[in-house]
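Engineer: Take this structure first; my questions come after.
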Amino acid sequence: MPPHSHRPPLDPLTTGAVGLAVVAVSSSAPLIAYAAAPALAIAFWRNMLAVAVLGPFSLARRRAEFRALAGPARRG
């Protein structure tokens, strides 16, 4: 790395999001080990919750990309 490289400061939102992600990942293994559910059910609900939480943000910020993905399906 060059000696004069500039790294922008982290904003509080980014720092909070990284902290929340670390806590979520760290606590997921004990919670899953404690759950009395089949592995397929656990995988389904983890993915469903992730889509429910991240989906609206993805659609709001990347609407044009989603339209581009759906575009060829409409034409065909």
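If you're wondering about the labels, chains in the structure tokens are A, B, ... by order shown, residues count from 1 in each chain, ligands from 1 in order shown.
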Using only C-alpha atoms, find each residue in segment 2-40 of chain A having at least one atom no more than 12 Å away from segment 45-62 of chain A; report its shortest atom-to-atom pair and that distance in Å (one decimal), rows by chain then rising number, as JSON lines.

Structural biologist:
{"residue": "A:Ala24", "atom": "CA", "partner": "A:Ala50", "partner_atom": "CA", "distance": 11.8}
{"residue": "A:Val25", "atom": "CA", "partner": "A:Arg46", "partner_atom": "CA", "distance": 11.9}
{"residue": "A:Ser28", "atom": "CA", "partner": "A:Arg46", "partner_atom": "CA", "distance": 10.0}
{"residue": "A:Leu31", "atom": "CA", "partner": "A:Arg46", "partner_atom": "CA", "distance": 11.7}
{"residue": "A:Ile32", "atom": "CA", "partner": "A:Arg46", "partner_atom": "CA", "distance": 10.0}
{"residue": "A:Ala37", "atom": "CA", "partner": "A:Trp45", "partner_atom": "CA", "distance": 10.7}
{"residue": "A:Pro38", "atom": "CA", "partner": "A:Trp45", "partner_atom": "CA", "distance": 11.0}
{"residue": "A:Ala39", "atom": "CA", "partner": "A:Trp45", "partner_atom": "CA", "distance": 10.1}
{"residue": "A:Leu40", "atom": "CA", "partner": "A:Trp45", "partner_atom": "CA", "distance": 8.7}

Engineer: Please, could you write that set of residues out with C-alpha atoms as an mmCIF file, in the first residue's frame?

Structural biologist:
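Output file part-v3.cif is given in full below:
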data_model
loop_
_atom_site.group_PDB
_atom_site.id
_atom_site.type_symbol
_atom_site.label_atom_id
_atom_site.label_comp_id
_atom_site.auth_asym_id
_atom_site.auth_seq_id
_atom_site.Cartn_x
_atom_site.Cartn_y
_atom_site.Cartn_z
ATOM 1 C CA ALA A 24 -25.944 -11.906 14.013
ATOM 2 C CA VAL A 25 -23.378 -14.281 12.535
ATOM 3 C CA SER A 28 -26.616 -17.876 14.661
ATOM 4 C CA LEU A 31 -29.400 -20.667 18.031
ATOM 5 C CA ILE A 32 -29.488 -23.160 15.162
ATOM 6 C CA ALA A 37 -36.255 -28.413 13.535
ATOM 7 C CA PRO A 38 -35.169 -30.235 10.370
ATOM 8 C CA ALA A 39 -32.229 -28.731 8.518
ATOM 9 C CA LEU A 40 -34.326 -28.004 5.425
#

Engineer: Pull the helix (DSSP H, G or I) assignments for chain A out of DSSP run on the backbone, and list those residues as a short mmCIF file (atom, residue, chain, number, x, y, z; two decimals) with all heavy atoms, in the first residue's frame.

Structural biologist:
data_model
loop_
_atom_site.label_atom_id
_atom_site.label_comp_id
_atom_site.auth_asym_id
_atom_site.auth_seq_id
_atom_site.Cartn_x
_atom_site.Cartn_y
_atom_site.Cartn_z
N PRO A 12 -21.29 6.36 10.76
CA PRO A 12 -21.90 5.57 11.84
C PRO A 12 -22.84 4.47 11.33
O PRO A 12 -22.94 3.41 11.95
CB PRO A 12 -22.68 6.60 12.64
CG PRO A 12 -22.06 7.91 12.32
CD PRO A 12 -21.54 7.78 10.91
N LEU A 13 -23.52 4.69 10.23
CA LEU A 13 -24.42 3.67 9.69
C LEU A 13 -23.66 2.43 9.26
O LEU A 13 -24.06 1.29 9.56
CB LEU A 13 -25.22 4.25 8.51
CG LEU A 13 -26.23 3.30 7.88
CD1 LEU A 13 -27.30 2.91 8.88
CD2 LEU A 13 -26.85 3.94 6.66
N THR A 14 -22.54 2.62 8.59
CA THR A 14 -21.72 1.50 8.16
C THR A 14 -21.15 0.75 9.36
O THR A 14 -21.18 -0.49 9.41
CB THR A 14 -20.58 1.98 7.25
OG1 THR A 14 -21.14 2.65 6.13
CG2 THR A 14 -19.73 0.82 6.77
N THR A 15 -20.65 1.47 10.33
CA THR A 15 -20.09 0.85 11.52
C THR A 15 -21.16 0.06 12.27
O THR A 15 -20.92 -1.06 12.71
CB THR A 15 -19.49 1.92 12.44
OG1 THR A 15 -18.54 2.69 11.69
CG2 THR A 15 -18.81 1.31 13.63
N GLY A 16 -22.35 0.62 12.40
CA GLY A 16 -23.45 -0.08 13.06
C GLY A 16 -23.88 -1.32 12.31
O GLY A 16 -24.17 -2.36 12.91
N ALA A 17 -23.93 -1.24 10.98
CA ALA A 17 -24.33 -2.39 10.17
C ALA A 17 -23.31 -3.52 10.28
O ALA A 17 -23.69 -4.69 10.40
CB ALA A 17 -24.49 -1.97 8.70
N VAL A 18 -22.04 -3.18 10.29
CA VAL A 18 -21.00 -4.21 10.44
C VAL A 18 -21.08 -4.83 11.84
O VAL A 18 -20.97 -6.05 11.99
CB VAL A 18 -19.60 -3.62 10.16
CG1 VAL A 18 -18.51 -4.59 10.55
CG2 VAL A 18 -19.48 -3.25 8.69
N GLY A 19 -21.29 -4.02 12.84
CA GLY A 19 -21.43 -4.54 14.21
C GLY A 19 -22.62 -5.46 14.35
O GLY A 19 -22.53 -6.53 14.96
N LEU A 20 -23.75 -5.07 13.77
CA LEU A 20 -24.95 -5.92 13.81
C LEU A 20 -24.73 -7.22 13.05
O LEU A 20 -25.16 -8.29 13.50
CB LEU A 20 -26.14 -5.16 13.22
CG LEU A 20 -27.46 -5.90 13.21
CD1 LEU A 20 -27.92 -6.20 14.63
CD2 LEU A 20 -28.50 -5.08 12.46
N ALA A 21 -24.03 -7.15 11.94
CA ALA A 21 -23.75 -8.36 11.16
C ALA A 21 -22.85 -9.32 11.94
O ALA A 21 -23.08 -10.53 11.93
CB ALA A 21 -23.09 -7.98 9.83
N VAL A 22 -21.87 -8.79 12.64
CA VAL A 22 -20.98 -9.64 13.44
C VAL A 22 -21.76 -10.32 14.55
O VAL A 22 -21.61 -11.52 14.80
CB VAL A 22 -19.79 -8.82 13.99
CG1 VAL A 22 -19.03 -9.60 15.05
CG2 VAL A 22 -18.87 -8.41 12.86
N VAL A 23 -22.63 -9.58 15.23
CA VAL A 23 -23.44 -10.16 16.30
C VAL A 23 -24.39 -11.22 15.74
O VAL A 23 -24.55 -12.30 16.33
CB VAL A 23 -24.22 -9.06 17.05
CG1 VAL A 23 -25.26 -9.64 17.99
CG2 VAL A 23 -23.26 -8.18 17.82
N ALA A 24 -25.00 -10.95 14.60
CA ALA A 24 -25.94 -11.91 14.01
C ALA A 24 -25.25 -13.20 13.60
O ALA A 24 -25.75 -14.30 13.87
CB ALA A 24 -26.64 -11.27 12.81
N VAL A 25 -24.11 -13.08 12.97
CA VAL A 25 -23.38 -14.28 12.53
C VAL A 25 -22.86 -15.05 13.74
O VAL A 25 -22.91 -16.28 13.78
CB VAL A 25 -22.23 -13.89 11.57
CG1 VAL A 25 -21.31 -15.06 11.32
CG2 VAL A 25 -22.82 -13.38 10.27
N SER A 26 -22.38 -14.35 14.75
CA SER A 26 -21.84 -15.01 15.93
C SER A 26 -22.91 -15.74 16.73
O SER A 26 -22.64 -16.77 17.33
CB SER A 26 -21.16 -13.99 16.84
OG SER A 26 -20.11 -13.37 16.18
N SER A 27 -24.11 -15.21 16.75
CA SER A 27 -25.18 -15.85 17.53
C SER A 27 -25.97 -16.88 16.75
O SER A 27 -26.76 -17.62 17.34
CB SER A 27 -26.12 -14.77 18.08
OG SER A 27 -26.78 -14.12 17.02
N SER A 28 -25.79 -16.96 15.45
CA SER A 28 -26.62 -17.88 14.66
C SER A 28 -26.31 -19.35 14.92
O SER A 28 -27.22 -20.16 15.01
CB SER A 28 -26.48 -17.58 13.17
OG SER A 28 -25.18 -17.88 12.72
N ALA A 29 -25.05 -19.71 15.09
CA ALA A 29 -24.71 -21.12 15.29
C ALA A 29 -25.30 -21.69 16.57
O ALA A 29 -25.93 -22.76 16.54
CB ALA A 29 -23.20 -21.30 15.26
N PRO A 30 -25.18 -21.02 17.72
CA PRO A 30 -25.82 -21.58 18.92
C PRO A 30 -27.34 -21.64 18.82
O PRO A 30 -27.96 -22.58 19.31
CB PRO A 30 -25.40 -20.62 20.04
CG PRO A 30 -24.21 -19.92 19.53
CD PRO A 30 -24.33 -19.88 18.05
N LEU A 31 -27.94 -20.64 18.18
CA LEU A 31 -29.40 -20.67 18.03
C LEU A 31 -29.86 -21.82 17.14
O LEU A 31 -30.86 -22.47 17.42
CB LEU A 31 -29.90 -19.33 17.48
CG LEU A 31 -29.78 -18.14 18.43
CD1 LEU A 31 -30.17 -16.86 17.72
CD2 LEU A 31 -30.64 -18.36 19.65
N ILE A 32 -29.14 -22.07 16.06
CA ILE A 32 -29.49 -23.16 15.16
C ILE A 32 -29.25 -24.50 15.84
O ILE A 32 -30.03 -25.44 15.68
CB ILE A 32 -28.69 -23.05 13.84
CG1 ILE A 32 -29.09 -21.80 13.10
CG2 ILE A 32 -28.90 -24.28 12.97
CD1 ILE A 32 -30.55 -21.67 12.76
N ALA A 33 -28.19 -24.62 16.61
CA ALA A 33 -27.92 -25.87 17.33
C ALA A 33 -29.01 -26.15 18.36
O ALA A 33 -29.35 -27.31 18.61
CB ALA A 33 -26.56 -25.80 18.00
N TYR A 34 -29.58 -25.12 18.94
CA TYR A 34 -30.62 -25.28 19.95
C TYR A 34 -31.99 -25.59 19.32
O TYR A 34 -32.84 -26.17 19.96
CB TYR A 34 -30.70 -24.00 20.78
CG TYR A 34 -31.71 -24.06 21.90
CD1 TYR A 34 -31.50 -24.85 23.01
CD2 TYR A 34 -32.88 -23.32 21.82
CE1 TYR A 34 -32.42 -24.91 24.03
CE2 TYR A 34 -33.81 -23.37 22.84
CZ TYR A 34 -33.59 -24.16 23.94
OH TYR A 34 -34.51 -24.22 24.94
N ALA A 39 -33.18 -29.64 9.16
CA ALA A 39 -32.23 -28.73 8.52
C ALA A 39 -32.85 -27.99 7.34
O ALA A 39 -32.57 -26.80 7.13
CB ALA A 39 -31.00 -29.51 8.06
N LEU A 40 -33.70 -28.66 6.57
CA LEU A 40 -34.33 -28.00 5.42
C LEU A 40 -35.26 -26.88 5.87
O LEU A 40 -35.30 -25.81 5.24
CB LEU A 40 -35.09 -29.03 4.59
CG LEU A 40 -35.63 -28.55 3.26
CD1 LEU A 40 -34.51 -28.03 2.38
CD2 LEU A 40 -36.37 -29.66 2.55
N ALA A 41 -35.98 -27.08 6.96
CA ALA A 41 -36.87 -26.03 7.48
C ALA A 41 -36.05 -24.84 7.96
O ALA A 41 -36.42 -23.68 7.73
CB ALA A 41 -37.74 -26.58 8.60
N ILE A 42 -34.95 -25.10 8.63
CA ILE A 42 -34.09 -24.02 9.12
C ILE A 42 -33.53 -23.23 7.94
O ILE A 42 -33.54 -21.99 7.94
CB ILE A 42 -32.96 -24.58 9.99
CG1 ILE A 42 -33.54 -25.14 11.29
CG2 ILE A 42 -31.91 -23.51 10.28
CD1 ILE A 42 -32.54 -25.91 12.12
N ALA A 43 -33.07 -23.92 6.92
CA ALA A 43 -32.52 -23.24 5.74
C ALA A 43 -33.59 -22.40 5.05
O ALA A 43 -33.33 -21.26 4.64
CB ALA A 43 -31.95 -24.26 4.76
N PHE A 44 -34.80 -22.94 4.93
CA PHE A 44 -35.89 -22.19 4.29
C PHE A 44 -36.18 -20.90 5.05
O PHE A 44 -36.26 -19.82 4.46
CB PHE A 44 -37.16 -23.04 4.21
CG PHE A 44 -38.36 -22.26 3.77
CD1 PHE A 44 -38.55 -21.96 2.44
CD2 PHE A 44 -39.28 -21.82 4.71
CE1 PHE A 44 -39.66 -21.23 2.05
CE2 PHE A 44 -40.38 -21.09 4.32
CZ PHE A 44 -40.58 -20.80 2.98
N TRP A 45 -36.36 -20.99 6.36
CA TRP A 45 -36.73 -19.81 7.13
C TRP A 45 -35.61 -18.79 7.22
O TRP A 45 -35.87 -17.59 7.24
CB TRP A 45 -37.23 -20.21 8.52
CG TRP A 45 -38.60 -20.80 8.43
CD1 TRP A 45 -38.95 -22.10 8.62
CD2 TRP A 45 -39.79 -20.10 8.07
NE1 TRP A 45 -40.29 -22.25 8.40
CE2 TRP A 45 -40.84 -21.04 8.06
CE3 TRP A 45 -40.08 -18.79 7.74
CZ2 TRP A 45 -42.15 -20.70 7.75
CZ3 TRP A 45 -41.39 -18.44 7.43
CH2 TRP A 45 -42.40 -19.39 7.44
N ARG A 46 -34.37 -19.24 7.24
CA ARG A 46 -33.26 -18.28 7.23
C ARG A 46 -33.24 -17.51 5.92
O ARG A 46 -33.06 -16.28 5.91
CB ARG A 46 -31.93 -19.00 7.43
CG ARG A 46 -31.72 -19.46 8.86
CD ARG A 46 -30.44 -20.18 9.03
NE ARG A 46 -29.32 -19.25 8.98
CZ ARG A 46 -28.06 -19.58 9.20
NH1 ARG A 46 -27.76 -20.82 9.49
NH2 ARG A 46 -27.12 -18.69 9.14
N ASN A 47 -33.46 -18.20 4.81
CA ASN A 47 -33.49 -17.51 3.52
C ASN A 47 -34.71 -16.62 3.39
O ASN A 47 -34.63 -15.51 2.84
CB ASN A 47 -33.44 -18.53 2.39
CG ASN A 47 -32.06 -19.09 2.20
OD1 ASN A 47 -31.09 -18.35 2.13
ND2 ASN A 47 -31.96 -20.41 2.12
N MET A 48 -35.86 -17.08 3.88
CA MET A 48 -37.08 -16.27 3.80
C MET A 48 -36.93 -14.98 4.61
O MET A 48 -37.33 -13.90 4.15
CB MET A 48 -38.28 -17.08 4.30
CG MET A 48 -39.58 -16.34 4.17
SD MET A 48 -39.99 -15.89 2.48
CE MET A 48 -40.48 -17.46 1.85
N LEU A 49 -36.35 -15.08 5.80
CA LEU A 49 -36.14 -13.88 6.61
C LEU A 49 -35.15 -12.93 5.95
O LEU A 49 -35.33 -11.71 5.99
CB LEU A 49 -35.68 -14.26 8.01
CG LEU A 49 -36.74 -14.88 8.90
CD1 LEU A 49 -36.11 -15.43 10.18
CD2 LEU A 49 -37.81 -13.87 9.24
N ALA A 50 -34.11 -13.47 5.33
CA ALA A 50 -33.14 -12.62 4.65
C ALA A 50 -33.78 -11.88 3.48
O ALA A 50 -33.53 -10.68 3.28
CB ALA A 50 -31.96 -13.46 4.17
N VAL A 51 -34.61 -12.56 2.72
CA VAL A 51 -35.31 -11.91 1.60
C VAL A 51 -36.26 -10.84 2.11
O VAL A 51 -36.34 -9.74 1.55
CB VAL A 51 -36.05 -12.95 0.73
CG1 VAL A 51 -37.00 -12.29 -0.24
CG2 VAL A 51 -35.05 -13.81 -0.01
N ALA A 52 -36.96 -11.13 3.20
CA ALA A 52 -37.91 -10.16 3.76
C ALA A 52 -37.20 -8.91 4.26
O ALA A 52 -37.71 -7.80 4.13
CB ALA A 52 -38.72 -10.81 4.88
N VAL A 53 -36.01 -9.08 4.83
CA VAL A 53 -35.28 -7.93 5.37
C VAL A 53 -34.55 -7.17 4.27
O VAL A 53 -34.59 -5.93 4.22
CB VAL A 53 -34.29 -8.39 6.47
CG1 VAL A 53 -33.36 -7.27 6.87
CG2 VAL A 53 -35.06 -8.90 7.68
N LEU A 54 -33.88 -7.89 3.37
CA LEU A 54 -33.04 -7.23 2.38
C LEU A 54 -33.76 -6.90 1.07
O LEU A 54 -33.32 -6.03 0.33
CB LEU A 54 -31.83 -8.11 2.07
CG LEU A 54 -30.90 -8.38 3.25
CD1 LEU A 54 -29.81 -9.36 2.84
CD2 LEU A 54 -30.30 -7.10 3.76
N GLY A 55 -34.85 -7.58 0.79
CA GLY A 55 -35.57 -7.39 -0.47
C GLY A 55 -36.02 -5.96 -0.72
O GLY A 55 -35.76 -5.40 -1.80
N PRO A 56 -36.71 -5.32 0.23
CA PRO A 56 -37.15 -3.94 -0.02
C PRO A 56 -35.99 -2.97 -0.28
O PRO A 56 -36.10 -2.10 -1.15
CB PRO A 56 -37.88 -3.57 1.28
CG PRO A 56 -38.32 -4.86 1.84
CD PRO A 56 -37.26 -5.85 1.48
N PHE A 57 -34.88 -3.12 0.44
CA PHE A 57 -33.74 -2.26 0.20
C PHE A 57 -33.16 -2.50 -1.19
O PHE A 57 -32.79 -1.57 -1.89
CB PHE A 57 -32.65 -2.48 1.26
CG PHE A 57 -33.08 -2.08 2.64
CD1 PHE A 57 -33.38 -3.03 3.59
CD2 PHE A 57 -33.21 -0.74 2.97
CE1 PHE A 57 -33.78 -2.67 4.85
CE2 PHE A 57 -33.61 -0.36 4.24
CZ PHE A 57 -33.90 -1.34 5.18
N SER A 58 -33.08 -3.77 -1.58
CA SER A 58 -32.54 -4.10 -2.91
C SER A 58 -33.43 -3.54 -4.00
O SER A 58 -32.94 -2.99 -5.00
CB SER A 58 -32.42 -5.61 -3.07
OG SER A 58 -31.56 -6.14 -2.09
N LEU A 59 -34.73 -3.71 -3.85
CA LEU A 59 -35.65 -3.20 -4.87
C LEU A 59 -35.62 -1.68 -4.95
O LEU A 59 -35.72 -1.11 -6.04
CB LEU A 59 -37.07 -3.68 -4.58
CG LEU A 59 -37.32 -5.15 -4.85
CD1 LEU A 59 -38.70 -5.55 -4.34
CD2 LEU A 59 -37.18 -5.47 -6.32
N ALA A 60 -35.47 -1.02 -3.82
CA ALA A 60 -35.45 0.44 -3.83
C ALA A 60 -34.17 0.99 -4.45
O ALA A 60 -34.21 1.97 -5.19
CB ALA A 60 -35.61 0.97 -2.40
N ARG A 61 -33.05 0.37 -4.15
CA ARG A 61 -31.76 0.92 -4.60
C ARG A 61 -31.35 0.42 -5.98
O ARG A 61 -30.59 1.08 -6.67
CB ARG A 61 -30.68 0.59 -3.60
CG ARG A 61 -30.95 1.28 -2.26
CD ARG A 61 -29.78 1.21 -1.40
NE ARG A 61 -28.73 2.01 -1.99
CZ ARG A 61 -27.71 2.50 -1.33
NH1 ARG A 61 -27.61 2.29 -0.06
NH2 ARG A 61 -26.78 3.20 -1.93
N ARG A 63 -33.50 -0.84 -8.60
CA ARG A 63 -34.71 -1.10 -9.38
C ARG A 63 -34.40 -1.32 -10.86
O ARG A 63 -34.95 -2.21 -11.49
CB ARG A 63 -35.69 0.05 -9.22
CG ARG A 63 -37.02 -0.20 -9.88
CD ARG A 63 -38.00 0.91 -9.56
NE ARG A 63 -38.18 1.12 -8.14
CZ ARG A 63 -39.10 0.52 -7.40
NH1 ARG A 63 -39.90 -0.34 -7.96
NH2 ARG A 63 -39.21 0.78 -6.12
N ALA A 64 -33.50 -0.54 -11.42
CA ALA A 64 -33.17 -0.67 -12.84
C ALA A 64 -32.54 -2.03 -13.13
O ALA A 64 -32.81 -2.64 -14.18
CB ALA A 64 -32.24 0.45 -13.27
N GLU A 65 -31.71 -2.53 -12.22
CA GLU A 65 -31.09 -3.83 -12.44
C GLU A 65 -32.12 -4.95 -12.41
O GLU A 65 -32.06 -5.89 -13.19
CB GLU A 65 -30.01 -4.07 -11.39
CG GLU A 65 -28.82 -3.15 -11.56
CD GLU A 65 -27.78 -3.35 -10.49
OE1 GLU A 65 -27.69 -4.46 -9.94
OE2 GLU A 65 -27.04 -2.40 -10.20
N PHE A 66 -33.09 -4.86 -11.50
CA PHE A 66 -34.14 -5.87 -11.46
C PHE A 66 -35.01 -5.81 -12.73
O PHE A 66 -35.43 -6.84 -13.24
CB PHE A 66 -35.01 -5.69 -10.22
CG PHE A 66 -34.38 -6.24 -8.98
CD1 PHE A 66 -33.84 -5.39 -8.03
CD2 PHE A 66 -34.33 -7.60 -8.75
CE1 PHE A 66 -33.24 -5.89 -6.89
CE2 PHE A 66 -33.74 -8.11 -7.61
CZ PHE A 66 -33.20 -7.26 -6.67
N ARG A 67 -35.27 -4.60 -13.22
CA ARG A 67 -36.03 -4.48 -14.47
C ARG A 67 -35.25 -5.09 -15.64
O ARG A 67 -35.84 -5.71 -16.52
CB ARG A 67 -36.33 -3.02 -14.76
CG ARG A 67 -37.44 -2.49 -13.91
CD ARG A 67 -37.83 -1.09 -14.34
NE ARG A 67 -38.87 -0.60 -13.48
CZ ARG A 67 -39.03 0.66 -13.16
NH1 ARG A 67 -38.24 1.58 -13.68
NH2 ARG A 67 -39.99 1.05 -12.36
N ALA A 68 -33.94 -4.90 -15.65
CA ALA A 68 -33.13 -5.47 -16.72
C ALA A 68 -33.14 -7.01 -16.67
O ALA A 68 -33.14 -7.67 -17.70
CB ALA A 68 -31.70 -4.96 -16.63
N LEU A 69 -33.16 -7.56 -15.46
CA LEU A 69 -33.23 -9.02 -15.33
C LEU A 69 -34.58 -9.55 -15.80
O LEU A 69 -34.66 -10.62 -16.40
CB LEU A 69 -33.03 -9.42 -13.86
CG LEU A 69 -31.60 -9.28 -13.31
CD1 LEU A 69 -31.62 -9.55 -11.82
CD2 LEU A 69 -30.68 -10.22 -14.02
N ALA A 70 -35.65 -8.84 -15.51
CA ALA A 70 -36.98 -9.28 -15.89
C ALA A 70 -37.31 -8.93 -17.34
O ALA A 70 -38.27 -9.47 -17.89
CB ALA A 70 -38.01 -8.66 -14.97
N GLY A 71 -36.55 -8.07 -17.97
CA GLY A 71 -36.84 -7.62 -19.34
C GLY A 71 -36.89 -8.72 -20.36
O GLY A 71 -37.89 -8.84 -21.08
N PRO A 72 -35.89 -9.58 -20.50
CA PRO A 72 -35.94 -10.64 -21.51
C PRO A 72 -37.08 -11.62 -21.31
O PRO A 72 -37.63 -12.13 -22.27
CB PRO A 72 -34.59 -11.35 -21.36
CG PRO A 72 -33.71 -10.34 -20.72
CD PRO A 72 -34.59 -9.51 -19.86
N ALA A 73 -37.50 -11.83 -20.09
CA ALA A 73 -38.61 -12.77 -19.83
C ALA A 73 -39.92 -12.20 -20.38
O ALA A 73 -40.78 -12.93 -20.82
CB ALA A 73 -38.73 -13.05 -18.34
N ARG A 74 -40.05 -10.90 -20.35
CA ARG A 74 -41.28 -10.26 -20.87
C ARG A 74 -41.35 -10.32 -22.39
O ARG A 74 -42.39 -10.44 -22.98
CB ARG A 74 -41.36 -8.81 -20.42
CG ARG A 74 -41.58 -8.65 -18.95
CD ARG A 74 -41.71 -7.18 -18.63
NE ARG A 74 -41.46 -6.97 -17.22
CZ ARG A 74 -41.25 -5.81 -16.69
NH1 ARG A 74 -41.23 -4.73 -17.43
NH2 ARG A 74 -41.03 -5.68 -15.41
N ARG A 75 -40.18 -10.20 -23.03
CA ARG A 75 -40.15 -10.18 -24.51
C ARG A 75 -40.40 -11.56 -25.10
O ARG A 75 -40.89 -11.68 -26.19
CB ARG A 75 -38.82 -9.66 -24.99
CG ARG A 75 -38.57 -8.22 -24.65
CD ARG A 75 -37.24 -7.76 -25.21
NE ARG A 75 -36.77 -6.65 -24.42
CZ ARG A 75 -35.57 -6.52 -23.91
NH1 ARG A 75 -34.68 -7.46 -24.11
NH2 ARG A 75 -35.24 -5.47 -23.20
#
